[in-house]
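For reference, the structure is listed below as structure tokens.
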Amino acid sequence: MGAAEHQFDHNSSDPGPWPERAPRTVTTLMVGKLICAGAGEQLCRVRNISATGMMLESPFPLREADTIVVELRGGPVLEGTIMWVSGGRAGVQFTAPIDVEEVLAAAKGSSPAARLRRAVPRAPRFAIGCTARLVCNGVSHVAVVENISQSGARIHLASRPELDRVVTLVIPGLTPHSCTIRWNDGESAGLAFIEMIPYAELAAWLTEMQTQR
């Protein structure tokens, strides 16, 4: 049995609001921000998707019947209900059918609007508010991480750092990451990581942060 068929087999006796399963399920590995009651903001992967549902995975323990929201790279937002959970994966039925091709195009930055702006889809960001250190030329500065993604972070810093300077962001529980300062407005600064934070590392860290709250 393929992943697409496995998606709703746990509820095969209940066809839901749509009498027929979507004819086309796309296998993918899109990273998203999972928002769920009791989970806060967590990292997840969408393993496959169709017009009526998706299968996702997350290290955070999910529960059947919970309503969730998943924000993908580039902005698409998917809403639905968890129909089954098994081994860190969950089958989700959407609140309303979606246009799969439109969602995939937005996440990949290949939609007409994205091509017109020549925009690179932004990775999902997670609100944090934790204390960290920004190390520049051997000098350590206290910073507050306002949000973070696999590719960058927004920090609050007392001093105003120089643009394009290479610095190191040290966050407790994560590997120190070299980054460049892309912008600052006097109160906050945007950092771009030279190497992305691995999915597994960031997902486990976000889960640990949530359990501490």
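Residue numbering restarts at 1 in every chain; chains get A, B, ... in the order shown in the structure tokens, and ligands count up from 1 in that same order.
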Using only C-alpha atoms, which protein or nucleic acid residues come within 12 Å of range 137-145 of chain A? Drop anything in the same chain fewer than 3 positions from it, and give the result as an NGL selection string. :A and (125-134 or 148-149 or 152-161 or 165-172 or 187-191)
Strand (DSSP E or B) residues, from DSSP on the backbone, in range 36-88 of chain A, as a PyMOL selection string: chain A and resi 36+40-49+53-57+67-72+77-86
Dump as a CSV table (one decimal), in the first residue's frame, selection limited to C-alpha atoms:
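The new file out.csv reads:
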```csv
chain,number,residue,atom,x,y,z
A,36,CYS,CA,-1.6,23.2,17.2
A,40,GLY,CA,2.9,26.2,20.1
A,41,GLU,CA,4.9,26.5,16.9
A,42,GLN,CA,6.7,23.4,15.7
A,43,LEU,CA,8.7,22.3,12.7
A,44,CYS,CA,7.1,19.6,10.5
A,45,ARG,CA,7.5,18.0,7.1
A,46,VAL,CA,4.7,17.4,4.6
A,47,ARG,CA,5.3,13.9,3.2
A,48,ASN,CA,2.5,13.9,0.6
A,49,ILE,CA,-0.4,16.1,-0.3
A,53,GLY,CA,-5.5,16.1,2.8
A,54,MET,CA,-1.8,15.5,3.6
A,55,MET,CA,0.5,13.3,5.6
A,56,LEU,CA,2.9,15.1,7.8
A,57,GLU,CA,5.6,14.2,10.3
A,67,THR,CA,-7.4,21.0,14.5
A,68,ILE,CA,-4.0,22.2,13.1
A,69,VAL,CA,-2.6,24.8,10.8
A,70,VAL,CA,0.5,24.3,8.7
A,71,GLU,CA,2.3,27.3,7.1
A,72,LEU,CA,4.6,26.3,4.2
A,77,VAL,CA,-1.5,28.0,4.8
A,78,LEU,CA,-3.2,24.6,5.2
A,79,GLU,CA,-5.9,24.0,7.8
A,80,GLY,CA,-7.3,20.6,8.8
A,81,THR,CA,-8.1,18.0,11.3
A,82,ILE,CA,-5.8,15.1,12.3
A,83,MET,CA,-7.5,11.8,11.4
A,84,TRP,CA,-4.8,9.4,12.6
A,85,VAL,CA,-1.4,9.3,14.1
A,86,SER,CA,1.3,6.6,13.9
```
Taking the DSSP secondary structure from the backbone, can you list the residues of chain A that are alpha helix (DSSP H), as a ChimeraX atom specification? /A:3-6,100-108,112-117,199-211
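If only C-alpha atoms are the atoms counted, then among A:Arg89, A:Pro124, A:Asp185, A:Phe60 the closest residue to Pro76 in chain A is A:Pro124.
From CA of Arg122 in chain A back to CA of Thr175 in chain A, the distance works out to 21.9 Å.
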